$ cat upload04.cif   # mmCIF, C-alpha atoms
data_structure
loop_
_atom_site.group_PDB
_atom_site.id
_atom_site.type_symbol
_atom_site.label_atom_id
_atom_site.label_comp_id
_atom_site.auth_asym_id
_atom_site.auth_seq_id
_atom_site.Cartn_x
_atom_site.Cartn_y
_atom_site.Cartn_z
ATOM 1 C CA MET A 1 -3.591 11.837 -24.435
ATOM 2 C CA ARG A 2 -6.066 14.675 -23.936
ATOM 3 C CA ARG A 3 -6.422 13.742 -20.274
ATOM 4 C CA PHE A 4 -2.666 13.635 -19.883
ATOM 5 C CA ASN A 5 -2.287 17.024 -21.547
ATOM 6 C CA ARG A 6 -4.960 18.505 -19.297
ATOM 7 C CA ARG A 7 -3.240 17.172 -16.191
ATOM 8 C CA GLY A 8 0.094 18.479 -17.419
ATOM 9 C CA VAL A 9 -1.347 21.944 -18.034
ATOM 10 C CA ILE A 10 -2.885 22.047 -14.548
ATOM 11 C CA LEU A 11 0.385 20.992 -12.900
ATOM 12 C CA LEU A 12 2.465 23.376 -15.020
ATOM 13 C CA THR A 13 0.139 26.298 -14.338
ATOM 14 C CA GLY A 14 0.113 25.671 -10.600
ATOM 15 C CA ALA A 15 3.882 25.205 -10.479
ATOM 16 C CA THR A 16 4.427 28.394 -12.482
ATOM 17 C CA ILE A 17 2.214 30.511 -10.227
ATOM 18 C CA THR A 18 3.643 29.133 -6.989
ATOM 19 C CA GLY A 19 7.183 29.330 -8.351
ATOM 20 C CA ALA A 20 6.674 32.979 -9.271
ATOM 21 C CA LEU A 21 5.225 33.673 -5.824
ATOM 22 C CA LEU A 22 8.203 32.013 -4.143
ATOM 23 C CA ALA A 23 10.666 33.901 -6.357
ATOM 24 C CA ILE A 24 9.025 37.258 -5.559
ATOM 25 C CA ALA A 25 8.965 36.444 -1.846
ATOM 26 C CA LEU A 26 12.662 35.536 -1.823
ATOM 27 C CA LEU A 27 13.564 38.555 -3.933
ATOM 28 C CA SER A 28 11.883 40.842 -1.402
ATOM 29 C CA LEU A 29 14.439 39.744 1.203
ATOM 30 C CA VAL A 30 17.266 41.379 -0.748
ATOM 31 C CA TRP A 31 15.597 43.978 -3.002
ATOM 32 C CA THR A 32 12.384 45.989 -3.370
ATOM 33 C CA PRO A 33 11.792 49.024 -5.630
ATOM 34 C CA GLN A 34 11.320 51.238 -2.572
ATOM 35 C CA VAL A 35 11.610 50.834 1.176
ATOM 36 C CA PRO A 36 8.161 49.338 1.956
ATOM 37 C CA THR A 37 7.640 51.243 5.211
ATOM 38 C CA LYS A 38 8.940 54.600 3.974
ATOM 39 C CA MET A 39 6.176 57.213 3.694
ATOM 40 C CA HIS A 40 5.926 59.931 1.011
ATOM 41 C CA ILE A 41 2.803 61.877 1.916
ATOM 42 C CA VAL A 42 3.181 64.227 -1.044
ATOM 43 C CA ALA A 43 2.943 61.216 -3.383
ATOM 44 C CA LYS A 44 -0.022 59.499 -1.733
ATOM 45 C CA LEU A 45 -2.789 57.747 -3.719
ATOM 46 C CA LYS A 46 -0.945 57.934 -7.020
ATOM 47 C CA PRO A 47 -2.366 55.490 -9.598
ATOM 48 C CA PRO A 48 -0.259 52.765 -11.241
ATOM 49 C CA LEU A 49 2.438 53.944 -13.680
ATOM 50 C CA VAL A 50 2.117 57.523 -12.431
ATOM 51 C CA GLN A 51 4.175 56.911 -9.280
ATOM 52 C CA GLY A 52 5.926 53.569 -9.456
ATOM 53 C CA LEU A 53 4.737 50.512 -11.334
ATOM 54 C CA LEU A 54 1.626 49.854 -9.208
ATOM 55 C CA GLY A 55 1.058 53.262 -7.633
ATOM 56 C CA THR A 56 1.129 54.330 -3.982
ATOM 57 C CA ASP A 57 -1.149 53.985 -0.971
ATOM 58 C CA HIS A 58 -2.605 56.603 1.395
ATOM 59 C CA PHE A 59 0.804 57.032 3.050
ATOM 60 C CA GLY A 60 2.666 57.316 -0.233
ATOM 61 C CA ARG A 61 4.237 53.880 0.168
ATOM 62 C CA ASP A 62 5.083 51.920 -2.968
ATOM 63 C CA ILE A 63 2.401 49.273 -3.595
ATOM 64 C CA LEU A 64 4.733 46.917 -5.462
ATOM 65 C CA SER A 65 7.196 46.904 -2.576
ATOM 66 C CA LEU A 66 4.387 46.250 -0.096
ATOM 67 C CA LEU A 67 3.074 43.365 -2.195
ATOM 68 C CA MET A 68 6.529 41.814 -2.499
ATOM 69 C CA VAL A 69 7.231 41.913 1.237
ATOM 70 C CA GLY A 70 3.654 40.847 1.922
ATOM 71 C CA ALA A 71 4.256 37.780 -0.251
ATOM 72 C CA TRP A 72 7.134 36.726 2.003
ATOM 73 C CA ASN A 73 5.176 37.393 5.200
ATOM 74 C CA SER A 74 2.126 35.480 3.962
ATOM 75 C CA LEU A 75 4.082 32.581 2.456
ATOM 76 C CA SER A 76 6.428 32.121 5.419
ATOM 77 C CA THR A 77 3.532 32.180 7.878
ATOM 78 C CA ALA A 78 1.550 29.687 5.801
ATOM 79 C CA VAL A 79 4.502 27.326 5.333
ATOM 80 C CA MET A 80 5.367 27.259 9.033
ATOM 81 C CA ALA A 81 1.733 26.732 10.048
ATOM 82 C CA VAL A 82 1.148 23.917 7.553
ATOM 83 C CA ALA A 83 4.470 22.265 8.405
ATOM 84 C CA ILE A 84 3.577 22.174 12.106
ATOM 85 C CA GLY A 85 0.014 21.046 11.462
ATOM 86 C CA ALA A 86 1.051 18.379 8.948
ATOM 87 C CA THR A 87 3.764 16.950 11.205
ATOM 88 C CA ILE A 88 1.614 16.720 14.317
ATOM 89 C CA GLY A 89 -1.485 15.630 12.411
ATOM 90 C CA THR A 90 0.347 12.889 10.515
ATOM 91 C CA LEU A 91 1.882 11.496 13.702
ATOM 92 C CA VAL A 92 -1.506 11.508 15.417
ATOM 93 C CA GLY A 93 -3.165 9.839 12.427
ATOM 94 C CA ILE A 94 -0.690 6.997 12.003
ATOM 95 C CA PHE A 95 -0.556 6.429 15.774
ATOM 96 C CA ALA A 96 -4.355 6.176 15.934
ATOM 97 C CA ALA A 97 -4.406 3.747 13.007
ATOM 98 C CA ALA A 98 -1.708 1.600 14.601
ATOM 99 C CA GLN A 99 -3.410 1.423 18.010
ATOM 100 C CA ARG A 100 -7.031 1.296 16.835
ATOM 101 C CA GLY A 101 -9.790 0.624 19.334
ATOM 102 C CA ILE A 102 -10.417 3.143 22.096
ATOM 103 C CA VAL A 103 -7.220 5.083 21.314
ATOM 104 C CA GLU A 104 -8.292 5.700 17.722
ATOM 105 C CA ALA A 105 -11.808 6.674 18.799
ATOM 106 C CA LEU A 106 -10.580 9.159 21.420
ATOM 107 C CA LEU A 107 -8.038 10.775 19.097
ATOM 108 C CA MET A 108 -10.527 11.117 16.246
ATOM 109 C CA ARG A 109 -13.171 12.648 18.542
ATOM 110 C CA LEU A 110 -10.550 15.087 19.827
ATOM 111 C CA CYS A 111 -9.800 15.979 16.205
ATOM 112 C CA ASP A 112 -13.498 16.570 15.608
ATOM 113 C CA ILE A 113 -13.630 18.991 18.535
ATOM 114 C CA THR A 114 -10.519 20.830 17.302
ATOM 115 C CA PHE A 115 -11.837 20.920 13.745
ATOM 116 C CA ALA A 116 -15.031 22.557 14.980
ATOM 117 C CA LEU A 117 -13.053 25.661 16.018
ATOM 118 C CA PRO A 118 -12.253 27.786 12.948
ATOM 119 C CA PRO A 119 -8.770 29.354 12.867
ATOM 120 C CA ILE A 120 -10.156 32.895 13.190
ATOM 121 C CA LEU A 121 -11.943 31.970 16.418
ATOM 122 C CA SER A 122 -8.825 30.180 17.663
ATOM 123 C CA ALA A 123 -6.723 33.263 16.872
ATOM 124 C CA MET A 124 -9.137 35.485 18.789
ATOM 125 C CA MET A 125 -8.935 33.183 21.811
ATOM 126 C CA LEU A 126 -5.147 32.989 21.617
ATOM 127 C CA GLY A 127 -4.878 36.727 21.078
ATOM 128 C CA ALA A 128 -6.729 37.319 24.326
ATOM 129 C CA PHE A 129 -4.034 35.380 26.206
ATOM 130 C CA ILE A 130 -0.772 35.934 24.332
ATOM 131 C CA GLY A 131 -1.582 38.917 22.100
ATOM 132 C CA SER A 132 -1.807 39.180 18.335
ATOM 133 C CA GLY A 133 1.142 38.602 16.044
ATOM 134 C CA ARG A 134 2.735 36.093 13.691
ATOM 135 C CA PHE A 135 3.068 33.436 16.403
ATOM 136 C CA THR A 136 -0.652 33.684 17.146
ATOM 137 C CA ALA A 137 -1.530 33.341 13.458
ATOM 138 C CA ILE A 138 0.798 30.357 12.989
ATOM 139 C CA LEU A 139 -0.516 28.602 16.089
ATOM 140 C CA ALA A 140 -4.154 29.191 15.136
ATOM 141 C CA ILE A 141 -3.708 27.946 11.562
ATOM 142 C CA ALA A 142 -1.601 24.961 12.659
ATOM 143 C CA THR A 143 -4.224 23.972 15.231
ATOM 144 C CA PHE A 144 -6.829 23.921 12.469
ATOM 145 C CA MET A 145 -4.535 21.869 10.196
ATOM 146 C CA VAL A 146 -3.807 19.113 12.726
ATOM 147 C CA PRO A 147 -7.220 17.370 12.526
ATOM 148 C CA VAL A 148 -7.235 17.666 8.726
ATOM 149 C CA PHE A 149 -4.020 15.672 8.400
ATOM 150 C CA ALA A 150 -4.852 13.370 11.320
ATOM 151 C CA ARG A 151 -8.150 12.210 9.843
ATOM 152 C CA LEU A 152 -6.684 11.902 6.342
ATOM 153 C CA THR A 153 -3.652 9.849 7.353
ATOM 154 C CA CYS A 154 -5.620 7.732 9.795
ATOM 155 C CA ALA A 155 -8.146 6.699 7.138
ATOM 156 C CA ALA A 156 -5.423 5.950 4.593
ATOM 157 C CA ALA A 157 -3.271 4.093 7.138
ATOM 158 C CA LEU A 158 -6.193 1.872 8.167
ATOM 159 C CA GLN A 159 -6.502 0.751 4.552
ATOM 160 C CA LEU A 160 -2.779 0.017 4.400
ATOM 161 C CA TRP A 161 -2.918 -2.075 7.574
ATOM 162 C CA ALA A 162 -5.201 -4.507 5.701
ATOM 163 C CA ARG A 163 -2.774 -4.902 2.780
ATOM 164 C CA ASP A 164 -0.911 -8.164 2.262
ATOM 165 C CA PHE A 165 2.608 -6.750 2.641
ATOM 166 C CA VAL A 166 1.692 -5.291 6.053
ATOM 167 C CA LEU A 167 0.082 -8.541 7.175
ATOM 168 C CA ALA A 168 3.216 -10.365 6.072
ATOM 169 C CA ALA A 169 5.379 -8.025 8.138
ATOM 170 C CA GLU A 170 3.138 -8.663 11.166
ATOM 171 C CA SER A 171 3.413 -12.424 10.683
ATOM 172 C CA LEU A 172 7.198 -12.088 10.773
ATOM 173 C CA GLY A 173 6.969 -10.577 14.254
ATOM 174 C CA ARG A 174 7.632 -6.934 13.379
ATOM 175 C CA SER A 175 6.361 -4.463 15.969
ATOM 176 C CA ARG A 176 3.476 -2.168 15.067
ATOM 177 C CA GLY A 177 5.719 0.847 15.567
ATOM 178 C CA GLY A 178 8.324 -0.564 13.207
ATOM 179 C CA ILE A 179 5.706 -1.391 10.581
ATOM 180 C CA THR A 180 4.234 2.099 10.927
ATOM 181 C CA PHE A 181 7.477 3.878 10.101
ATOM 182 C CA THR A 182 8.915 1.398 7.586
ATOM 183 C CA HIS A 183 5.785 0.443 5.627
ATOM 184 C CA ILE A 184 2.827 2.681 6.465
ATOM 185 C CA LEU A 185 4.367 6.174 6.533
ATOM 186 C CA PRO A 186 6.400 5.830 3.293
ATOM 187 C CA ASN A 187 3.232 4.814 1.448
ATOM 188 C CA LEU A 188 1.465 7.931 2.735
ATOM 189 C CA THR A 189 4.104 10.349 1.437
ATOM 190 C CA ASN A 190 2.377 11.123 -1.865
ATOM 191 C CA LEU A 191 -0.943 11.715 -0.126
ATOM 192 C CA ILE A 192 0.649 14.060 2.408
ATOM 193 C CA ILE A 193 2.492 16.032 -0.286
ATOM 194 C CA VAL A 194 -0.732 16.648 -2.205
ATOM 195 C CA GLN A 195 -2.618 17.647 0.931
ATOM 196 C CA VAL A 196 0.171 20.032 1.971
ATOM 197 C CA SER A 197 -0.035 21.788 -1.403
ATOM 198 C CA ILE A 198 -3.781 22.262 -1.077
ATOM 199 C CA GLN A 199 -3.638 23.354 2.553
ATOM 200 C CA LEU A 200 -0.986 25.974 1.777
ATOM 201 C CA GLY A 201 -3.538 27.849 -0.313
ATOM 202 C CA LEU A 202 -6.051 27.688 2.523
ATOM 203 C CA ALA A 203 -3.390 28.819 4.998
ATOM 204 C CA ILE A 204 -2.555 31.894 2.895
ATOM 205 C CA LEU A 205 -6.244 32.776 2.680
ATOM 206 C CA THR A 206 -6.655 32.303 6.430
ATOM 207 C CA GLU A 207 -3.576 34.390 7.202
ATOM 208 C CA ALA A 208 -4.977 37.193 5.052
ATOM 209 C CA GLY A 209 -8.256 36.994 6.973
ATOM 210 C CA LEU A 210 -6.449 37.142 10.318
ATOM 211 C CA SER A 211 -4.384 40.131 9.178
ATOM 212 C CA PHE A 212 -7.556 41.822 7.941
ATOM 213 C CA LEU A 213 -8.996 41.486 11.449
ATOM 214 C CA GLY A 214 -5.779 42.702 13.102
ATOM 215 C CA LEU A 215 -4.823 39.259 14.440
ATOM 216 C CA GLY A 216 -1.800 38.711 12.205
ATOM 217 C CA MET A 217 1.582 40.408 12.031
ATOM 218 C CA PRO A 218 1.512 43.838 13.712
ATOM 219 C CA PRO A 219 2.193 47.008 11.716
ATOM 220 C CA PRO A 220 4.306 48.277 10.092
ATOM 221 C CA ALA A 221 5.024 44.785 8.660
ATOM 222 C CA PRO A 222 3.212 44.641 5.288
ATOM 223 C CA THR A 223 0.632 41.886 4.820
ATOM 224 C CA TRP A 224 -1.909 41.363 2.078
ATOM 225 C CA GLY A 225 -4.779 41.191 4.551
ATOM 226 C CA ARG A 226 -3.896 44.493 6.211
ATOM 227 C CA MET A 227 -3.539 46.130 2.806
ATOM 228 C CA LEU A 228 -7.132 45.110 2.082
ATOM 229 C CA TRP A 229 -8.288 46.478 5.428
ATOM 230 C CA GLU A 230 -6.511 49.796 4.901
ATOM 231 C CA SER A 231 -8.014 50.151 1.418
ATOM 232 C CA GLN A 232 -11.643 50.230 2.616
ATOM 233 C CA THR A 233 -11.701 54.000 3.113
ATOM 234 C CA TYR A 234 -10.332 54.654 -0.380
ATOM 235 C CA LEU A 235 -12.327 52.213 -2.516
ATOM 236 C CA SER A 236 -13.874 54.941 -4.677
ATOM 237 C CA ALA A 237 -10.815 57.205 -4.871
ATOM 238 C CA ALA A 238 -8.144 54.514 -5.240
ATOM 239 C CA PRO A 239 -9.668 51.111 -6.091
ATOM 240 C CA TRP A 240 -6.261 49.643 -6.934
ATOM 241 C CA LEU A 241 -5.454 49.582 -3.226
ATOM 242 C CA ALA A 242 -7.974 46.751 -2.819
ATOM 243 C CA ILE A 243 -7.730 45.165 -6.270
ATOM 244 C CA LEU A 244 -3.992 44.494 -6.219
ATOM 245 C CA PRO A 245 -3.688 42.655 -2.857
ATOM 246 C CA GLY A 246 -6.961 40.882 -3.602
ATOM 247 C CA LEU A 247 -5.528 39.601 -6.885
ATOM 248 C CA ALA A 248 -2.341 38.540 -5.110
ATOM 249 C CA ILE A 249 -4.303 36.464 -2.591
ATOM 250 C CA ALA A 250 -6.504 34.954 -5.319
ATOM 251 C CA LEU A 251 -3.530 34.014 -7.500
ATOM 252 C CA ALA A 252 -1.653 32.475 -4.560
ATOM 253 C CA VAL A 253 -4.640 30.338 -3.546
ATOM 254 C CA LEU A 254 -5.309 29.373 -7.175
ATOM 255 C CA GLY A 255 -1.672 28.432 -7.718
ATOM 256 C CA PHE A 256 -1.470 26.126 -4.713
ATOM 257 C CA ASN A 257 -4.842 24.517 -5.516
ATOM 258 C CA LEU A 258 -3.801 23.831 -9.111
ATOM 259 C CA LEU A 259 -0.455 22.514 -7.898
ATOM 260 C CA GLY A 260 -2.213 20.180 -5.479
ATOM 261 C CA ASP A 261 -4.593 18.913 -8.174
ATOM 262 C CA GLY A 262 -1.721 18.392 -10.585
ATOM 263 C CA LEU A 263 0.367 16.535 -8.020
ATOM 264 C CA ARG A 264 -2.609 14.363 -7.107
ATOM 265 C CA ASP A 265 -3.068 13.342 -10.742
ATOM 266 C CA LEU A 266 0.666 12.749 -11.105
ATOM 267 C CA LEU A 267 1.275 10.803 -7.893
ATOM 268 C CA ASP A 268 -1.946 8.784 -7.642
ATOM 269 C CA PRO A 269 -1.348 5.446 -9.424
ATOM 270 C CA LYS A 270 -5.085 4.895 -9.938
ATOM 271 C CA LEU A 271 -5.434 8.192 -11.775
ATOM 272 C CA ARG A 272 -2.305 7.451 -13.827
ATOM 273 C CA ARG A 273 -3.870 4.207 -15.041
#

$ encode --input "upload04.cif" --output "structure tokens"
Amino acid sequence: MRRFNRRGVILLTGATITGALLAIALLSLVWTPQVPTKMHIVAKLKPPLVQGLLGTDHFGRDILSLLMVGAWNSLSTAVMAVAIGATIGTLVGIFAAAQRGIVEALLMRLCDITFALPPILSAMMLGAFIGSGRFTAILAIATFMVPVFARLTCAAALQLWARDFVLAAESLGRSRGGITFTHILPNLTNLIIVQVSIQLGLAILTEAGLSFLGLGMPPPAPTWGRMLWESQTYLSAAPWLAILPGLAIALAVLGFNLLGDGLRDLLDPKLRR
């Protein structure tokens, strides 16, 4: 009972944090306290509760509005990147497990090479060719996600191919492609869902790092990473400029990690037993 309660608390906490993040991000599409990009120089560097709920930055922009729009920019970028990476990676993984032999070896070694390139380095290389922006950030993060999902699904699919129900389907003359999509992939759904939840937190952190380096969405679009970069000059005079976006990034990553751990405990039959 104690273990069940602990798992329930972890799942509930993660779902609450991520749900709040999603609600704030969606709300920013229709309403923010102030126009995020509107400057009020006479009201610059005002502390929280003096000018607005969370104060203003060095341009007099409302911090709460910037954080709300930044939540949408960070979350949408992370979701698109993980969706692309998970889709391609899962297809590569189950294809490698179905073919085995030289095909599996080549695909897994290619994943190792791709995995060796961190997303920041990939974004720098892509930025040199196509320029910085949201597309560059999404492509760099998705490229890093592909080998993660490919190796995970390949290892799990290889175990499933040795199960009795798969061997029975093979003995009945079913093609390997048919078995892959009717028996293997459905049994990987829970594993993929958990991994997606965990990787979303990593994607948000990576997107913030890319924005901090100027490789994410170009200004004036608000992002949490750029807010951190802009706050460096004012750390002593206005520490809230760094604390608030830093807390937002930390809470987002924590929420998705807790959600992933809670879903793993909920969906894994071994842990349930």

$ closest_residue --input "upload04.cif" --among "A:Gly209, A:Pro118, A:Pro245, A:Pro222" --to "Met145 (chain A)" --atoms "only C-alpha atoms"
A:Pro118

$ residues_near_point --input "upload04.cif" --point "(-11.4, 16.6, 13.3)" --cutoff "12 Å" --atoms "only C-alpha atoms" --output "list in words"
Gly89, Val92, Gly93, Ala105, Leu106, Leu107, Met108, Arg109, Leu110, Cys111, Asp112, Ile113, Thr114, Phe115, Ala116, Leu117, Pro118, Thr143, Phe144, Met145, Val146, Pro147, Val148, Phe149, Ala150, Arg151, Leu152, Thr153 and Cys154 of chain A

$ residues_around --input "upload04.cif" --residues "region 133-142 of chain A" --least-positions-apart "5" --cutoff "10 Å" --atoms "only C-alpha atoms" --output "PyMOL selection string"
chain A and resi 73-74+76-89+117-127+147+202-204+206-208+210-211+214-219

$ residues_around --input "upload04.cif" --residues "Gly8 (chain A)" --least-positions-apart "6" --cutoff "10 Å" --atoms "all atoms listed in the file" --output "PDB file with C-alpha atoms, in the frame of the given file"
ATOM      1  CA  ARG A   2      -6.066  14.675 -23.936  1.00  0.00           C
ATOM      2  CA  GLY A  14       0.113  25.671 -10.600  1.00  0.00           C
ATOM      3  CA  GLY A 262      -1.721  18.392 -10.585  1.00  0.00           C
ATOM      4  CA  LEU A 263       0.367  16.535  -8.020  1.00  0.00           C
ATOM      5  CA  ASP A 265      -3.068  13.342 -10.742  1.00  0.00           C
ATOM      6  CA  LEU A 266       0.666  12.749 -11.105  1.00  0.00           C
TER       7      LEU A 266
END

$ closest_residue --input "upload04.cif" --among "A:His183, A:Arg174, A:Lys44, A:Arg226" --to "Phe212 (chain A)" --atoms "only C-alpha atoms"
A:Arg226

$ resolve_selection --input "upload04.cif" --expression "the PyMOL selection byres ((chain A and resi 160) around 10)" --output "ChimeraX atom specification"
/A:97,154-159,161-167,180,183-185,187-188

$ resolve_selection --input "upload04.cif" --expression "the PyMOL selection byres ((chain A and resi 55) around 10)" --output "PyMOL selection string"
chain A and resi 43-54+56-57+60-64+238+240-241

$ atom_distance --input "upload04.cif" --atom1 "CA of Gly177 (chain A)" --atom2 "CA of Ile192 (chain A)"
19.3 Å

$ residues_near_point --input "upload04.cif" --point "(-3.7, 29.0, -4.4)" --cutoff "10 Å" --atoms "all atoms listed in the file" --output "list in words"
Gly14, Ile17, Thr18, Ser197, Ile198, Gln199, Leu200, Gly201, Leu202, Ala203, Ile204, Leu205, Ala248, Ile249, Ala250, Leu251, Ala252, Val253, Leu254, Gly255, Phe256, Asn257, Leu258, Leu259 and Gly260 of chain A

$ closest_residue --input "upload04.cif" --among "A:Arg7, A:Leu213, A:Ile193, A:Gly178" --to "Met227 (chain A)" --atoms "only C-alpha atoms"
A:Leu213

$ atom_distance --input "upload04.cif" --atom1 "CA of Leu11 (chain A)" --atom2 "CA of Ser65 (chain A)"
28.7 Å

$ atom_distance --input "upload04.cif" --atom1 "CA of Ile243 (chain A)" --atom2 "CA of Ile10 (chain A)"
25.0 Å

$ closest_residue --input "upload04.cif" --among "A:Arg264, A:Arg100, A:His58, A:His40" --to "Val196 (chain A)" --atoms "all atoms listed in the file"
A:Arg264

$ axis_aligned_box --input "upload04.cif" --around "region 195-205 of chain A" --padding-each-side "8 Å" --output "lines of an AutoDock Vina configuration file"
center_x = -3.0
center_y = 25.2
center_z = 1.8
size_x = 22.4
size_y = 31.1
size_z = 22.4

$ decode --input "upload04.cif" --residues "region 4-18 of chain A" --atoms "N, CA, C and O atoms" --output "PDB file, in the first residue's frame"
ATOM      1  N   PHE A   4       2.256   1.679  -3.403  1.00  0.00           N
ATOM      2  CA  PHE A   4       1.227   2.164  -4.316  1.00  0.00           C
ATOM      3  C   PHE A   4       0.975   3.655  -4.100  1.00  0.00           C
ATOM      4  O   PHE A   4       0.842   4.419  -5.060  1.00  0.00           O
ATOM      5  N   ASN A   5       0.908   4.070  -2.840  1.00  0.00           N
ATOM      6  CA  ASN A   5       0.680   5.476  -2.548  1.00  0.00           C
ATOM      7  C   ASN A   5       1.824   6.328  -3.077  1.00  0.00           C
ATOM      8  O   ASN A   5       1.613   7.420  -3.597  1.00  0.00           O
ATOM      9  N   ARG A   6       3.046   5.843  -2.917  1.00  0.00           N
ATOM     10  CA  ARG A   6       4.205   6.594  -3.404  1.00  0.00           C
ATOM     11  C   ARG A   6       4.143   6.738  -4.913  1.00  0.00           C
ATOM     12  O   ARG A   6       4.396   7.818  -5.450  1.00  0.00           O
ATOM     13  N   ARG A   7       3.802   5.664  -5.609  1.00  0.00           N
ATOM     14  CA  ARG A   7       3.705   5.738  -7.065  1.00  0.00           C
ATOM     15  C   ARG A   7       2.587   6.684  -7.485  1.00  0.00           C
ATOM     16  O   ARG A   7       2.724   7.440  -8.453  1.00  0.00           O
ATOM     17  N   GLY A   8       1.472   6.637  -6.755  1.00  0.00           N
ATOM     18  CA  GLY A   8       0.371   7.530  -7.078  1.00  0.00           C
ATOM     19  C   GLY A   8       0.729   8.983  -6.875  1.00  0.00           C
ATOM     20  O   GLY A   8       0.338   9.838  -7.680  1.00  0.00           O
ATOM     21  N   VAL A   9       1.485   9.280  -5.814  1.00  0.00           N
ATOM     22  CA  VAL A   9       1.903  10.660  -5.558  1.00  0.00           C
ATOM     23  C   VAL A   9       2.830  11.152  -6.652  1.00  0.00           C
ATOM     24  O   VAL A   9       2.721  12.292  -7.127  1.00  0.00           O
ATOM     25  N   ILE A  10       3.774  10.295  -7.078  1.00  0.00           N
ATOM     26  CA  ILE A  10       4.705  10.680  -8.143  1.00  0.00           C
ATOM     27  C   ILE A  10       3.944  10.974  -9.432  1.00  0.00           C
ATOM     28  O   ILE A  10       4.176  11.998 -10.092  1.00  0.00           O
ATOM     29  N   LEU A  11       3.027  10.094  -9.799  1.00  0.00           N
ATOM     30  CA  LEU A  11       2.256  10.287 -11.036  1.00  0.00           C
ATOM     31  C   LEU A  11       1.382  11.530 -10.939  1.00  0.00           C
ATOM     32  O   LEU A  11       1.309  12.322 -11.887  1.00  0.00           O
ATOM     33  N   LEU A  12       0.729  11.727  -9.792  1.00  0.00           N
ATOM     34  CA  LEU A  12      -0.151  12.878  -9.624  1.00  0.00           C
ATOM     35  C   LEU A  12       0.639  14.180  -9.656  1.00  0.00           C
ATOM     36  O   LEU A  12       0.205  15.165 -10.267  1.00  0.00           O
ATOM     37  N   THR A  13       1.799  14.181  -9.014  1.00  0.00           N
ATOM     38  CA  THR A  13       2.628  15.390  -9.012  1.00  0.00           C
ATOM     39  C   THR A  13       3.102  15.731 -10.416  1.00  0.00           C
ATOM     40  O   THR A  13       3.034  16.881 -10.854  1.00  0.00           O
ATOM     41  N   GLY A  14       3.608  14.722 -11.123  1.00  0.00           N
ATOM     42  CA  GLY A  14       4.061  14.963 -12.495  1.00  0.00           C
ATOM     43  C   GLY A  14       2.936  15.413 -13.406  1.00  0.00           C
ATOM     44  O   GLY A  14       3.113  16.328 -14.217  1.00  0.00           O
ATOM     45  N   ALA A  15       1.760  14.773 -13.280  1.00  0.00           N
ATOM     46  CA  ALA A  15       0.629  15.155 -14.116  1.00  0.00           C
ATOM     47  C   ALA A  15       0.152  16.566 -13.792  1.00  0.00           C
ATOM     48  O   ALA A  15      -0.243  17.317 -14.693  1.00  0.00           O
ATOM     49  N   THR A  16       0.201  16.937 -12.514  1.00  0.00           N
ATOM     50  CA  THR A  16      -0.231  18.282 -12.125  1.00  0.00           C
ATOM     51  C   THR A  16       0.698  19.347 -12.700  1.00  0.00           C
ATOM     52  O   THR A  16       0.247  20.363 -13.247  1.00  0.00           O
ATOM     53  N   ILE A  17       2.006  19.119 -12.591  1.00  0.00           N
ATOM     54  CA  ILE A  17       2.965  20.104 -13.090  1.00  0.00           C
ATOM     55  C   ILE A  17       2.875  20.234 -14.604  1.00  0.00           C
ATOM     56  O   ILE A  17       2.807  21.345 -15.148  1.00  0.00           O
ATOM     57  N   THR A  18       2.850  19.105 -15.297  1.00  0.00           N
ATOM     58  CA  THR A  18       2.776  19.160 -16.764  1.00  0.00           C
ATOM     59  C   THR A  18       1.426  19.694 -17.233  1.00  0.00           C
ATOM     60  O   THR A  18       1.345  20.405 -18.240  1.00  0.00           O
TER      61      THR A  18
END
